[in-house]
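Note: the block below is input04.csv and it holds CSV, C-alpha atoms and all ligand atoms.
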chain,number,residue,atom,x,y,z
Y,1,MET,CA,-4.3,-26.5,-11.5
Y,2,SER,CA,-6.8,-27.2,-8.7
Y,3,SER,CA,-4.0,-27.7,-6.2
Y,4,LYS,CA,-2.9,-24.1,-6.6
Y,5,GLU,CA,-3.8,-21.8,-3.8
Y,6,PHE,CA,-6.1,-18.8,-4.3
Y,7,ILE,CA,-4.2,-15.5,-4.5
Y,8,PRO,CA,-6.4,-12.8,-2.9
Y,9,ILE,CA,-6.6,-9.2,-4.0
Y,10,SER,CA,-5.0,-8.1,-0.7
Y,11,LYS,CA,-3.8,-9.5,2.6
Y,12,PRO,CA,-3.0,-7.5,5.7
Y,13,TYR,CA,0.8,-7.7,6.5
Y,14,ILE,CA,0.6,-8.7,10.1
Y,15,THR,CA,3.7,-10.3,11.7
Y,16,GLU,CA,4.8,-11.4,15.2
Y,17,GLU,CA,5.6,-7.8,16.1
Y,18,GLU,CA,1.9,-6.7,15.9
Y,19,ILE,CA,0.8,-9.8,17.8
Y,20,GLU,CA,3.3,-9.2,20.6
Y,21,GLU,CA,2.3,-5.5,20.9
Y,22,VAL,CA,-1.4,-6.4,21.0
Y,23,ILE,CA,-0.7,-8.9,23.8
Y,24,LYS,CA,1.3,-6.3,25.7
Y,25,THR,CA,-1.6,-3.8,25.4
Y,26,LEU,CA,-4.2,-6.4,26.4
Y,27,LYS,CA,-2.1,-7.2,29.5
Y,28,SER,CA,-1.4,-3.6,30.4
Y,29,GLY,CA,-4.7,-2.9,32.1
Y,30,TRP,CA,-5.7,-0.2,29.6
Y,31,VAL,CA,-7.1,-1.3,26.2
Y,32,THR,CA,-9.2,1.6,24.9
Y,33,THR,CA,-8.0,5.1,23.9
Y,34,GLY,CA,-5.0,6.0,26.0
Y,35,PRO,CA,-1.2,6.2,26.0
Y,36,LYS,CA,-0.7,4.0,22.9
Y,37,THR,CA,-3.1,6.0,20.8
Y,38,HIS,CA,-1.6,9.3,22.0
Y,39,SER,CA,2.0,8.4,21.4
Y,40,LEU,CA,1.1,7.2,17.9
Y,41,GLU,CA,-0.6,10.5,17.3
Y,42,GLN,CA,2.7,12.2,18.1
Y,43,ARG,CA,4.5,10.0,15.6
Y,44,PHE,CA,2.0,10.9,12.9
Y,45,LYS,CA,2.5,14.6,13.7
Y,46,GLU,CA,6.2,14.1,13.0
Y,47,TYR,CA,5.5,12.1,9.8
Y,48,PHE,CA,3.2,14.7,8.3
Y,49,GLU,CA,4.8,17.7,9.9
Y,50,VAL,CA,1.4,19.0,11.1
Y,51,ASP,CA,0.3,20.1,14.6
Y,52,GLY,CA,-3.0,18.3,14.7
Y,53,THR,CA,-3.5,14.5,14.5
Y,54,LEU,CA,-6.4,12.5,15.8
Y,55,LEU,CA,-6.7,8.7,15.5
Y,56,LEU,CA,-10.3,7.5,15.0
Y,57,SER,CA,-12.3,4.4,14.4
Y,58,SER,CA,-12.4,4.9,10.6
Y,59,CYS,CA,-11.7,7.1,7.7
Y,60,THR,CA,-15.5,7.6,7.4
Y,61,ALA,CA,-15.5,9.0,10.9
Y,62,ALA,CA,-12.6,11.4,10.0
Y,63,LEU,CA,-14.5,12.6,6.8
Y,64,HIS,CA,-17.7,13.1,8.8
Y,65,LEU,CA,-15.9,15.1,11.5
Y,66,SER,CA,-14.2,17.3,8.9
Y,67,LEU,CA,-17.6,18.3,7.5
Y,68,LEU,CA,-18.9,19.0,11.1
Y,69,LEU,CA,-15.8,21.1,11.8
Y,70,LEU,CA,-16.5,23.2,8.7
Y,71,ASP,CA,-20.1,23.5,9.9
Y,72,ILE,CA,-21.4,22.1,6.6
Y,73,LYS,CA,-25.1,21.4,6.7
Y,74,ALA,CA,-28.4,21.5,4.8
Y,75,ASN,CA,-28.4,23.8,1.8
Y,76,ASP,CA,-24.6,23.6,1.5
Y,77,GLU,CA,-22.9,21.9,-1.5
Y,78,VAL,CA,-19.8,19.8,-1.5
Y,79,ILE,CA,-18.0,19.0,-4.7
Y,80,THR,CA,-16.7,15.4,-4.9
Y,81,THR,CA,-15.9,12.5,-7.3
Y,82,PRO,CA,-18.2,9.7,-8.3
Y,83,PHE,CA,-15.2,7.3,-8.7
Y,84,THR,CA,-14.7,6.5,-5.0
Y,85,PHE,CA,-15.8,4.2,-2.2
Y,86,VAL,CA,-19.3,5.3,-1.2
Y,87,SER,CA,-18.4,6.7,2.2
Y,88,THR,CA,-17.0,9.8,0.6
Y,89,ALA,CA,-20.5,10.7,-0.5
Y,90,ASN,CA,-22.4,9.2,2.4
Y,91,VAL,CA,-20.9,11.6,4.9
Y,92,ILE,CA,-22.0,14.5,2.8
Y,93,GLU,CA,-25.5,13.1,3.0
Y,94,HIS,CA,-25.2,12.5,6.7
Y,95,VAL,CA,-24.7,16.2,7.5
Y,96,GLY,CA,-27.6,17.1,5.2
Y,97,ALA,CA,-25.6,18.8,2.5
Y,98,THR,CA,-25.7,18.0,-1.2
Y,99,PRO,CA,-22.9,16.1,-2.9
Y,100,VAL,CA,-22.1,17.7,-6.3
Y,101,PHE,CA,-20.3,15.1,-8.4
Y,102,VAL,CA,-17.7,16.1,-11.0
Y,103,ASP,CA,-16.6,13.5,-13.6
Y,104,ILE,CA,-13.1,12.1,-13.5
Y,105,GLU,CA,-10.2,12.5,-16.0
Y,106,PRO,CA,-9.3,9.2,-17.6
Y,107,ASP,CA,-5.6,9.0,-17.0
Y,108,THR,CA,-5.5,9.1,-13.2
Y,109,LEU,CA,-9.3,8.5,-12.5
Y,110,ASN,CA,-9.1,11.5,-10.2
Y,111,ILE,CA,-11.7,14.3,-10.2
Y,112,ASP,CA,-11.2,16.4,-13.3
Y,113,ALA,CA,-9.9,19.7,-11.9
Y,114,THR,CA,-10.8,21.5,-15.2
Y,115,LYS,CA,-14.5,20.7,-14.6
Y,116,ILE,CA,-14.7,21.9,-11.0
Y,117,GLU,CA,-15.1,25.6,-11.5
Y,118,ASN,CA,-18.3,25.1,-13.6
Y,119,LYS,CA,-20.0,23.3,-10.6
Y,120,ILE,CA,-19.2,26.0,-8.0
Y,121,THR,CA,-22.2,28.0,-6.8
Y,122,ASN,CA,-22.7,30.3,-3.9
Y,123,LYS,CA,-23.7,27.2,-1.9
Y,124,THR,CA,-20.4,25.4,-2.4
Y,125,LYS,CA,-18.6,25.1,0.9
Y,126,ALA,CA,-15.9,22.4,0.2
Y,127,ILE,CA,-14.2,20.2,-2.3
Y,128,MET,CA,-13.9,16.6,-1.0
Y,129,LEU,CA,-11.4,15.0,-3.2
Y,130,VAL,CA,-10.0,11.5,-3.4
Y,131,HIS,CA,-6.5,10.6,-4.5
Y,132,TYR,CA,-7.6,7.6,-6.4
Y,133,GLY,CA,-5.5,4.5,-5.8
Y,134,GLY,CA,-2.9,6.8,-4.2
Y,135,HIS,CA,-2.1,8.9,-7.2
Y,136,ALA,CA,-2.3,12.6,-6.3
Y,137,CYS,CA,-5.0,14.8,-7.7
Y,138,ASP,CA,-3.9,17.9,-9.5
Y,139,MET,CA,-3.3,19.8,-6.3
Y,140,ASP,CA,-1.9,23.0,-7.8
Y,141,GLU,CA,-5.0,23.5,-9.8
Y,142,ILE,CA,-7.5,22.4,-7.1
Y,143,MET,CA,-5.9,24.6,-4.4
Y,144,LYS,CA,-6.0,27.6,-6.8
Y,145,ILE,CA,-9.7,27.2,-7.4
Y,146,ALA,CA,-10.4,26.7,-3.7
Y,147,ASP,CA,-8.4,29.8,-2.8
Y,148,LYS,CA,-10.2,31.8,-5.5
Y,149,TYR,CA,-13.7,30.9,-4.3
Y,150,HIS,CA,-12.8,30.7,-0.5
Y,151,ILE,CA,-13.8,27.1,-0.2
Y,152,SER,CA,-12.2,24.4,1.9
Y,153,VAL,CA,-10.5,21.3,0.6
Y,154,ILE,CA,-10.9,18.0,2.4
Y,155,GLU,CA,-8.6,15.2,1.2
Y,156,ASP,CA,-9.9,11.6,1.3
Y,157,VAL,CA,-6.5,10.0,1.6
Y,158,ALA,CA,-7.8,6.5,2.3
Y,159,HIS,CA,-5.5,5.3,-0.5
Y,160,GLY,CA,-2.8,7.8,-0.1
Y,161,MET,CA,-0.7,6.8,2.9
Y,162,GLY,CA,2.9,7.1,1.6
Y,163,GLY,CA,1.9,9.1,-1.4
Y,164,TYR,CA,3.4,12.5,-2.3
Y,165,TYR,CA,2.8,15.4,-4.7
Y,166,LYS,CA,5.7,17.7,-5.5
Y,167,GLY,CA,7.5,16.3,-2.4
Y,168,LYS,CA,4.6,17.1,0.0
Y,169,ALA,CA,2.7,14.3,1.7
Y,170,LEU,CA,-0.9,13.7,0.5
Y,171,GLY,CA,-3.4,14.8,3.1
Y,172,THR,CA,-1.4,18.0,4.0
Y,173,PHE,CA,-2.7,20.2,1.1
Y,174,GLY,CA,-6.3,20.8,2.2
Y,175,LYS,CA,-7.7,22.0,5.5
Y,176,PHE,CA,-8.1,18.3,6.5
Y,177,GLY,CA,-6.7,15.0,5.5
Y,178,ALA,CA,-8.6,11.8,6.3
Y,179,PHE,CA,-6.8,8.4,6.2
Y,180,SER,CA,-8.1,4.9,6.5
Y,181,PHE,CA,-6.5,1.9,8.2
Y,182,TYR,CA,-9.2,-0.6,7.2
Y,183,SER,CA,-7.8,-4.0,6.7
Y,184,ASN,CA,-7.2,-3.7,2.9
Y,185,LYS,CA,-5.4,-0.3,3.1
Y,186,ASN,CA,-1.6,0.1,2.8
Y,187,ILE,CA,-1.2,0.0,6.6
Y,188,THR,CA,-3.9,-1.2,8.9
Y,189,SER,CA,-5.3,-1.2,12.4
Y,190,MET,CA,-8.0,-3.7,11.4
Y,191,GLU,CA,-10.5,-0.8,11.5
Y,192,GLY,CA,-9.2,2.7,11.9
Y,193,GLY,CA,-8.8,6.2,10.6
Y,194,LEU,CA,-6.7,9.4,11.1
Y,195,LEU,CA,-7.7,13.0,10.8
Y,196,ILE,CA,-5.0,15.6,10.3
Y,197,GLY,CA,-5.2,19.4,10.3
Y,198,ASN,CA,-4.4,22.4,12.5
Y,199,TYR,CA,-4.2,22.1,16.2
Y,200,ASP,CA,-7.3,23.9,17.2
Y,201,ASP,CA,-9.6,22.1,14.7
Y,202,ILE,CA,-8.2,18.7,15.6
Y,203,GLU,CA,-8.6,19.3,19.4
Y,204,LYS,CA,-12.2,20.3,18.7
Y,205,ALA,CA,-12.6,17.1,16.7
Y,206,ARG,CA,-11.1,15.1,19.6
Y,207,ILE,CA,-14.0,16.3,21.8
Y,208,MET,CA,-16.6,15.7,19.1
Y,209,SER,CA,-15.2,12.2,18.6
Y,210,LEU,CA,-15.7,11.2,22.3
Y,211,HIS,CA,-19.3,12.2,23.1
Y,212,GLY,CA,-18.5,15.9,23.3
Y,213,MET,CA,-16.9,15.3,26.7
Y,214,ASN,CA,-14.2,17.9,27.6
Y,215,ARG,CA,-12.0,15.2,29.3
Y,216,SER,CA,-11.3,11.8,28.0
Y,217,ALA,CA,-11.5,8.6,30.0
Y,218,TRP,CA,-7.7,8.4,30.0
Y,219,ALA,CA,-7.5,11.9,31.4
Y,220,ARG,CA,-10.0,11.0,34.1
Y,221,TYR,CA,-8.9,7.5,35.2
Y,222,SER,CA,-5.2,7.6,35.0
Y,223,GLU,CA,-3.2,8.3,38.2
Y,224,MET,CA,-3.2,12.1,37.6
Y,225,GLY,CA,-6.8,12.1,36.6
Y,226,ASP,CA,-10.0,13.6,38.0
Y,227,TRP,CA,-13.5,12.1,37.7
Y,228,PHE,CA,-15.2,15.3,36.6
Y,229,TYR,CA,-16.2,16.1,33.0
Y,230,GLU,CA,-18.6,18.3,31.1
Y,231,VAL,CA,-20.4,17.7,27.8
Y,232,ILE,CA,-20.0,20.7,25.5
Y,233,TYR,CA,-21.3,19.2,22.3
Y,234,PRO,CA,-23.6,16.3,21.4
Y,235,GLY,CA,-20.6,14.2,20.3
Y,236,LEU,CA,-20.1,10.9,18.5
Y,237,LYS,CA,-18.2,7.8,19.4
Y,238,TYR,CA,-15.4,7.6,16.9
Y,239,ASN,CA,-12.2,7.0,19.0
Y,240,MET,CA,-9.5,4.5,18.2
Y,241,THR,CA,-8.6,1.9,20.9
Y,242,ASP,CA,-5.1,1.3,22.3
Y,243,VAL,CA,-5.3,-2.3,21.0
Y,244,SER,CA,-5.7,-1.0,17.4
Y,245,ALA,CA,-3.1,1.7,18.0
Y,246,SER,CA,-0.5,-0.9,19.0
Y,247,ILE,CA,-1.1,-2.8,15.7
Y,248,LEU,CA,-0.9,0.5,13.7
Y,249,SER,CA,2.3,1.6,15.5
Y,250,CYS,CA,4.1,-1.5,14.2
Y,251,GLN,CA,2.6,-0.9,10.7
Y,252,LEU,CA,3.8,2.7,10.6
Y,253,THR,CA,7.3,1.5,11.4
Y,254,LYS,CA,7.1,-0.9,8.4
Y,255,LEU,CA,5.5,1.7,6.1
Y,256,LYS,CA,8.7,2.3,4.1
Y,257,TYR,CA,9.2,-1.4,3.5
Y,258,ILE,CA,5.6,-2.0,2.6
Y,259,GLN,CA,5.7,0.9,0.1
Y,260,GLU,CA,8.9,-0.5,-1.4
Y,261,ARG,CA,7.4,-3.9,-1.9
Y,262,ARG,CA,4.2,-2.5,-3.4
Y,263,ALA,CA,6.3,-0.5,-5.9
Y,264,ILE,CA,8.4,-3.6,-6.8
Y,265,ILE,CA,5.3,-5.6,-7.5
Y,266,VAL,CA,3.7,-2.8,-9.5
Y,267,ASN,CA,6.9,-2.4,-11.6
Y,268,GLU,CA,6.7,-6.1,-12.5
Y,269,TYR,CA,3.1,-5.7,-13.5
Y,270,GLN,CA,3.9,-2.6,-15.6
Y,271,LYS,CA,6.8,-4.4,-17.4
Y,272,CYS,CA,4.7,-7.5,-18.2
Y,273,PHE,CA,1.5,-5.8,-19.3
Y,274,SER,CA,2.8,-2.8,-21.2
Y,275,PRO,CA,3.5,-4.7,-24.4
Y,276,ILE,CA,0.0,-6.2,-24.4
Y,277,GLU,CA,-2.3,-4.2,-26.7
Y,278,GLU,CA,-5.5,-5.4,-25.0
Y,279,LEU,CA,-4.4,-4.0,-21.6
Y,280,GLN,CA,-4.0,-0.4,-20.5
Y,281,ILE,CA,-1.6,0.0,-17.6
Y,282,PRO,CA,-1.8,2.9,-15.1
Y,283,LYS,CA,0.0,6.1,-16.0
Y,284,ILE,CA,2.0,8.0,-13.4
Y,285,LYS,CA,2.3,11.8,-13.8
Y,286,PRO,CA,5.5,13.6,-13.1
Y,287,ASP,CA,5.8,15.2,-9.6
Y,288,VAL,CA,3.9,12.2,-8.1
Y,289,ILE,CA,5.0,9.5,-5.7
Y,290,HIS,CA,2.3,6.9,-6.1
Y,291,SER,CA,1.3,5.0,-2.9
Y,292,TRP,CA,-0.3,2.1,-4.9
Y,293,PHE,CA,-3.3,1.2,-2.8
Y,294,ASN,CA,-4.4,-0.9,-5.7
Y,295,TYR,CA,-3.2,-1.8,-9.2
Y,296,PRO,CA,-6.0,-0.9,-11.6
Y,297,LEU,CA,-5.7,-2.5,-15.0
Y,298,ARG,CA,-8.0,-1.4,-17.8
Y,299,LEU,CA,-9.2,-3.7,-20.7
Y,300,ASN,CA,-9.3,-2.4,-24.2
Y,301,LEU,CA,-12.7,-4.1,-24.7
Y,302,ASN,CA,-12.8,-3.5,-28.4
Y,303,LEU,CA,-9.9,-6.0,-28.8
Y,304,LEU,CA,-11.4,-8.7,-26.6
Y,305,LYS,CA,-14.3,-11.2,-27.1
Y,306,ILE,CA,-15.3,-11.0,-23.4
Y,307,ASN,CA,-16.3,-8.2,-21.1
Y,308,ARG,CA,-14.7,-7.2,-17.8
Y,309,SER,CA,-16.9,-9.4,-15.7
Y,310,ASP,CA,-16.1,-12.4,-17.8
Y,311,PHE,CA,-12.4,-11.5,-17.5
Y,312,ILE,CA,-12.7,-11.5,-13.7
Y,313,ASN,CA,-14.4,-14.9,-13.8
Y,314,ARG,CA,-11.7,-16.3,-16.0
Y,315,LEU,CA,-9.1,-15.1,-13.5
Y,316,LYS,CA,-11.1,-16.5,-10.7
Y,317,GLU,CA,-11.0,-19.9,-12.4
Y,318,LYS,CA,-7.3,-19.5,-12.4
Y,319,LYS,CA,-7.5,-18.8,-8.7
Y,320,ILE,CA,-6.6,-15.1,-9.0
Y,321,GLY,CA,-8.6,-12.7,-6.8
Y,322,THR,CA,-9.5,-9.3,-8.2
Y,323,SER,CA,-11.8,-6.5,-7.3
Y,324,VAL,CA,-13.4,-3.5,-9.0
Y,325,HIS,CA,-12.4,-0.1,-7.6
Y,326,PHE,CA,-15.1,1.3,-7.8
Y,327,ILE,CA,-18.7,1.1,-8.8
Y,328,PRO,CA,-19.3,4.8,-9.5
Y,329,ILE,CA,-21.5,6.4,-6.9
Y,330,ASN,CA,-24.0,7.6,-9.5
Y,331,LEU,CA,-24.8,3.9,-10.3
Y,332,HIS,CA,-25.8,3.0,-6.7
Y,333,PRO,CA,-29.6,3.0,-6.4
Y,334,TYR,CA,-29.8,5.5,-3.5
Y,335,TYR,CA,-27.8,8.2,-5.4
Y,336,ARG,CA,-29.1,7.3,-8.9
Y,337,ASN,CA,-32.7,7.7,-7.7
Y,338,LYS,CA,-32.2,10.7,-5.4
Y,339,PHE,CA,-30.3,12.8,-8.0
Y,340,LYS,CA,-32.1,11.2,-11.1
Y,341,PHE,CA,-28.8,10.3,-12.7
Y,342,SER,CA,-28.9,8.8,-16.2
Y,343,GLU,CA,-26.4,6.7,-18.2
Y,344,LYS,CA,-25.1,9.9,-19.6
Y,345,SER,CA,-24.5,11.7,-16.3
Y,346,PHE,CA,-20.8,10.8,-15.8
Y,347,PRO,CA,-19.6,9.4,-19.1
Y,348,ILE,CA,-15.9,9.0,-18.2
Y,349,ALA,CA,-16.6,7.4,-14.8
Y,350,ASN,CA,-19.2,5.0,-16.3
Y,351,ARG,CA,-16.9,4.1,-19.3
Y,352,GLU,CA,-13.9,3.4,-17.1
Y,353,TYR,CA,-15.9,1.4,-14.6
Y,354,GLU,CA,-16.9,-1.0,-17.4
Y,355,ARG,CA,-13.3,-1.9,-18.2
Y,356,ILE,CA,-11.4,-1.7,-14.9
Y,357,LEU,CA,-10.3,-4.4,-12.5
Y,358,SER,CA,-7.7,-4.4,-9.6
Y,359,LEU,CA,-5.1,-7.1,-9.3
Y,360,PRO,CA,-3.6,-8.7,-6.2
Y,361,LEU,CA,-1.2,-6.4,-4.4
Y,362,TYR,CA,0.3,-6.9,-1.0
Y,363,PRO,CA,3.8,-6.8,0.4
Y,364,GLN,CA,4.2,-10.5,1.2
Y,365,MET,CA,3.4,-11.6,-2.4
Y,366,THR,CA,6.1,-14.1,-3.5
Y,367,GLU,CA,7.9,-14.1,-6.8
Y,368,GLU,CA,5.9,-17.2,-7.7
Y,369,GLU,CA,2.6,-15.5,-6.8
Y,370,ILE,CA,3.5,-12.4,-8.8
Y,371,ARG,CA,4.3,-14.6,-11.8
Y,372,ARG,CA,1.1,-16.5,-11.5
Y,373,VAL,CA,-0.8,-13.2,-11.6
Y,374,THR,CA,1.0,-11.9,-14.7
Y,375,THR,CA,0.8,-15.2,-16.6
Y,376,SER,CA,-2.8,-15.7,-15.8
Y,377,VAL,CA,-3.7,-12.2,-16.9
Y,378,ILE,CA,-1.8,-12.6,-20.2
Y,379,GLU,CA,-3.2,-16.1,-20.8
Y,380,THR,CA,-6.7,-14.8,-20.3
Y,381,VAL,CA,-6.0,-12.1,-22.9
Y,382,TYR,CA,-4.6,-14.6,-25.4
Y,383,GLU,CA,-7.5,-17.0,-24.9
Y,384,ASN,CA,-10.0,-14.2,-25.6
Y,385,ARG,CA,-8.5,-12.0,-28.3
Y,386,LYS,CA,-11.0,-10.9,-30.9
Y,387,ASN,CA,-9.4,-11.3,-34.3
Y,388,THR,CA,-6.4,-13.5,-34.2
Y,389,ILE,CA,-4.7,-13.2,-37.6
Y,390,PHE,CA,-2.7,-16.2,-38.6
Y,401,LIG,C1,-11.7,2.6,2.3
Y,401,LIG,C2,-12.2,3.9,1.9
Y,401,LIG,C3,-12.9,4.8,2.7
Y,401,LIG,C4,-13.4,4.4,4.1
Y,401,LIG,O1,-12.5,4.0,5.0
Y,401,LIG,P1,-13.0,3.4,6.4
Y,401,LIG,O2,-11.8,3.5,7.2
Y,401,LIG,O3,-13.4,2.0,6.1
Y,401,LIG,O4,-14.1,4.2,6.9
Y,401,LIG,C5,-13.1,6.1,2.3
Y,401,LIG,N1,-12.8,6.5,1.1
Y,401,LIG,C6,-12.1,5.7,0.2
Y,401,LIG,C7,-11.7,6.2,-1.1
Y,401,LIG,C8,-11.9,4.4,0.6
Y,401,LIG,O5,-11.3,3.6,-0.3
Starting from the file, lay out its structure as structure tokens.
Ligand SMILES: *Cc1c(COP(=O)(O)O)cnc(C)c1O
Amino acid sequence: MSSKEFIPISKPYITEEEIEEVIKTLKSGWVTTGPKTHSLEQRFKEYFEVDGTLLLSSCTAALHLSLLLLDIKANDEVITTPFTFVSTANVIEHVGATPVFVDIEPDTLNIDATKIENKITNKTKAIMLVHYGGHACDMDEIMKIADKYHISVIEDVAHGMGGYYKGKALGTFGKFGAFSFYSNKNITSMEGGLLIGNYDDIEKARIMSLHGMNRSAWARYSEMGDWFYEVIYPGLKYNMTDVSASILSCQLTKLKYIQERRAIIVNEYQKCFSPIEELQIPKIKPDVIHSWFNYPLRLNLNLLKINRSDFINRLKEKKIGTSVHFIPINLHPYYRNKFKFSEKSFPIANREYERILSLPLYPQMTEEEIRRVTTSVIETVYENRKNTIF
């Protein structure tokens, strides 16, 4: 047992191609934002069929810029979900606006579209939604509400690269889509993000992302360049480097393969776990192509002698890595204290949090590793069943 290798929750899928591209870029004489980043932005334009794409240092940066572009500030409200990584809410705090959390619906763990309208006030400026795990939110309903009240939709698509709703790519429904290329996401640039939207907004974001200078370093220092620039906004420093872009370019080429592998592994999990009463497998709604950022499994705790944390520890002893996506934002001290949330504030998010865990999921998982995960999970269930009737 102890000779078995630990299977991590995720592993970036980096091969010789990425390494060679990085070396080429490092030797090229230009390593920061420049030709590699710009040509990759063109590829993303074609992929998403949008006219504005901007590669950035993170998804958090993309979300922050989207709020700035919409001029969202103090006294404004932004509706969002508590069941997300905290940067979704942090950026709302950064611009001085108020996050208004709406509880999730239990099947997809996405914001409950039927509960949004109740939270809209005359201060509501945007809905910042998250396609949890890469399963689309109810976009028909959410866009209908947004149109009715003239509020903008920002999609946090950190999990949704490769995901679709009714044949349309996630990230292309709202005014802005913000993607993450952090190392555990479906495709990675180590750290990185992408903002998509219409041309004018994205070109404005480009200036905001680079100190508010009206000409980038590449525009100034390349052969055709000119040293002069003017600052037209007190900008940020959110640009992607050409080194990162050269990794990401290889990753985008592999996206189809990566997504196929993720789906194959998920299918295996679904098949093995669906007959087990103690486990609740993810449900996929019609009209959705899931991008499977993570594989969230839920425990039917009433049938088990142990809680979720014990379950995770048992898997760890079997050398299986897991994670919890996510600790609801309302439970983090900053938010809990600031908004005086109680145990009862978001009953669905809190309840699902108590019984959820994510299993290992990465393209290069071997048959043997997949089998070790499924047998370890099933063993853990069998070893900890409540009332075994003989
Ligand atoms: C990872 C993640 C982010 C942040 O992405 P970064 O690129 O690390 O800034 C935002 N939202 C969600 C839902 C995430 O999972």
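From atom CA of Y:Glu317 back to atom CA of Y:Ile281, the distance works out to 22.6 Å.
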What are the closest atom pairs, with distances in Å to one decimal, for all residues of stretch 214-247 of chain Y lying within 12 Å of stretch 171-185 of chain Y? Consider all atoms listed in the file, order rows by chain and residue number, and present the result as JSON lines.
{"residue": "Y:Met240", "atom": "CA", "partner": "Y:Phe181", "partner_atom": "CA", "distance": 10.8}
{"residue": "Y:Ser244", "atom": "CA", "partner": "Y:Phe181", "partner_atom": "CA", "distance": 9.7}
{"residue": "Y:Ala245", "atom": "CA", "partner": "Y:Phe181", "partner_atom": "CA", "distance": 10.4}
{"residue": "Y:Ile247", "atom": "CA", "partner": "Y:Phe181", "partner_atom": "CA", "distance": 10.4}
Check your understanding: Can you find the residues with an atom no farther than 12 Å from (-10.5, 25.2, 15.2), counting all atoms listed in the file, and report them as a count of residues only?
Key -> 21
Review point. Neighbours of ligand LIG 401 (chain Y) within 9 Å, counting all atoms listed in the file, as a ChimeraX atom specification?
Key: /Y:56-63,83-89,130-133,156-159,178-185,191-194,293,325-326
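With atom CA of Y:Ser309 on one side and atom CA of Y:Tyr353 on the other, the separation reads 10.9 Å.
Atom CA of Y:Pro360 sits 6.0 Å away from atom CA of Y:Pro8.
Between Y:Lys125 and the residues Y:Ile79, Y:Ile320, Y:Leu303, Y:Ile276, the shortest atom-to-atom distance, using only C-alpha atoms, involves Y:Ile79.
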Determine, using all atoms listed in the file, which residues of stretch 149-199 of chain Y have any atom at most 12 Å from an atom of stretch 283-291 of chain Y, and tabulate each with its shortest atom pair and distance in Å to one decimal place, rows ordered by chain and then rising number, as a Markdown table.
| residue | atom | partner | partner_atom | distance |
| --- | --- | --- | --- | --- |
| Y:Val157 | CA | Y:Ser291 | CA | 10.3 |
| Y:Ala158 | CA | Y:Ser291 | CA | 10.6 |
| Y:His159 | CA | Y:Ser291 | CA | 7.2 |
| Y:Gly160 | CA | Y:Ser291 | CA | 5.7 |
| Y:Met161 | CA | Y:Ser291 | CA | 6.4 |
| Y:Gly162 | CA | Y:Ser291 | CA | 5.2 |
| Y:Gly163 | CA | Y:Ser291 | CA | 4.4 |
| Y:Tyr164 | CA | Y:Ile289 | CA | 4.8 |
| Y:Tyr165 | CA | Y:Val288 | CA | 4.8 |
| Y:Lys166 | CA | Y:Asp287 | CA | 4.8 |
| Y:Gly167 | CA | Y:Asp287 | CA | 7.5 |
| Y:Lys168 | CA | Y:Val288 | CA | 9.5 |
| Y:Ala169 | CA | Y:Ile289 | CA | 9.1 |
| Y:Leu170 | CA | Y:Ile289 | CA | 9.5 |
| Y:Lys185 | CA | Y:Ser291 | CA | 10.4 |
| Y:Asn186 | CA | Y:Ser291 | CA | 8.1 |
| Y:Ile187 | CA | Y:Ser291 | CA | 11.0 |
Review point. Pick from Y:Lys318, Y:Pro99, Y:Ile72, Y:Leu40: nearest to Y:Ile151, with all atoms listed in the file counted?
Key: Y:Ile72
Review point. Hey, what's within 10 Å of stretch 338-346 of chain Y if we count only C-alpha atoms and toss same-chain stuff fewer than 3 positions away? As a PyMOL selection string, please?
Key: chain Y and resi 81-83+98-104+328-335+349-351
**Study point:** Y:Asn214 environment, 8 Å, all atoms listed in the file, sequence neighbours closer than 2 positions dropped, as a PyMOL selection string
**Key:** chain Y and resi 207+212+216+229-232
Long-range neighbours of Y:Tyr295 as a PDB file with C-alpha atoms, in the frame of the given file, 7 Å cut-off, all atoms listed in the file, 3 positions minimum in chain:
ATOM      1  CA  VAL Y 266       3.700  -2.800  -9.500  1.00  0.00           C
ATOM      2  CA  TRP Y 292      -0.300   2.100  -4.900  1.00  0.00           C
ATOM      3  CA  SER Y 358      -7.700  -4.400  -9.600  1.00  0.00           C
ATOM      4  CA  LEU Y 359      -5.100  -7.100  -9.300  1.00  0.00           C
ATOM      5  CA  LEU Y 361      -1.200  -6.400  -4.400  1.00  0.00           C
TER       6      LEU Y 361
END
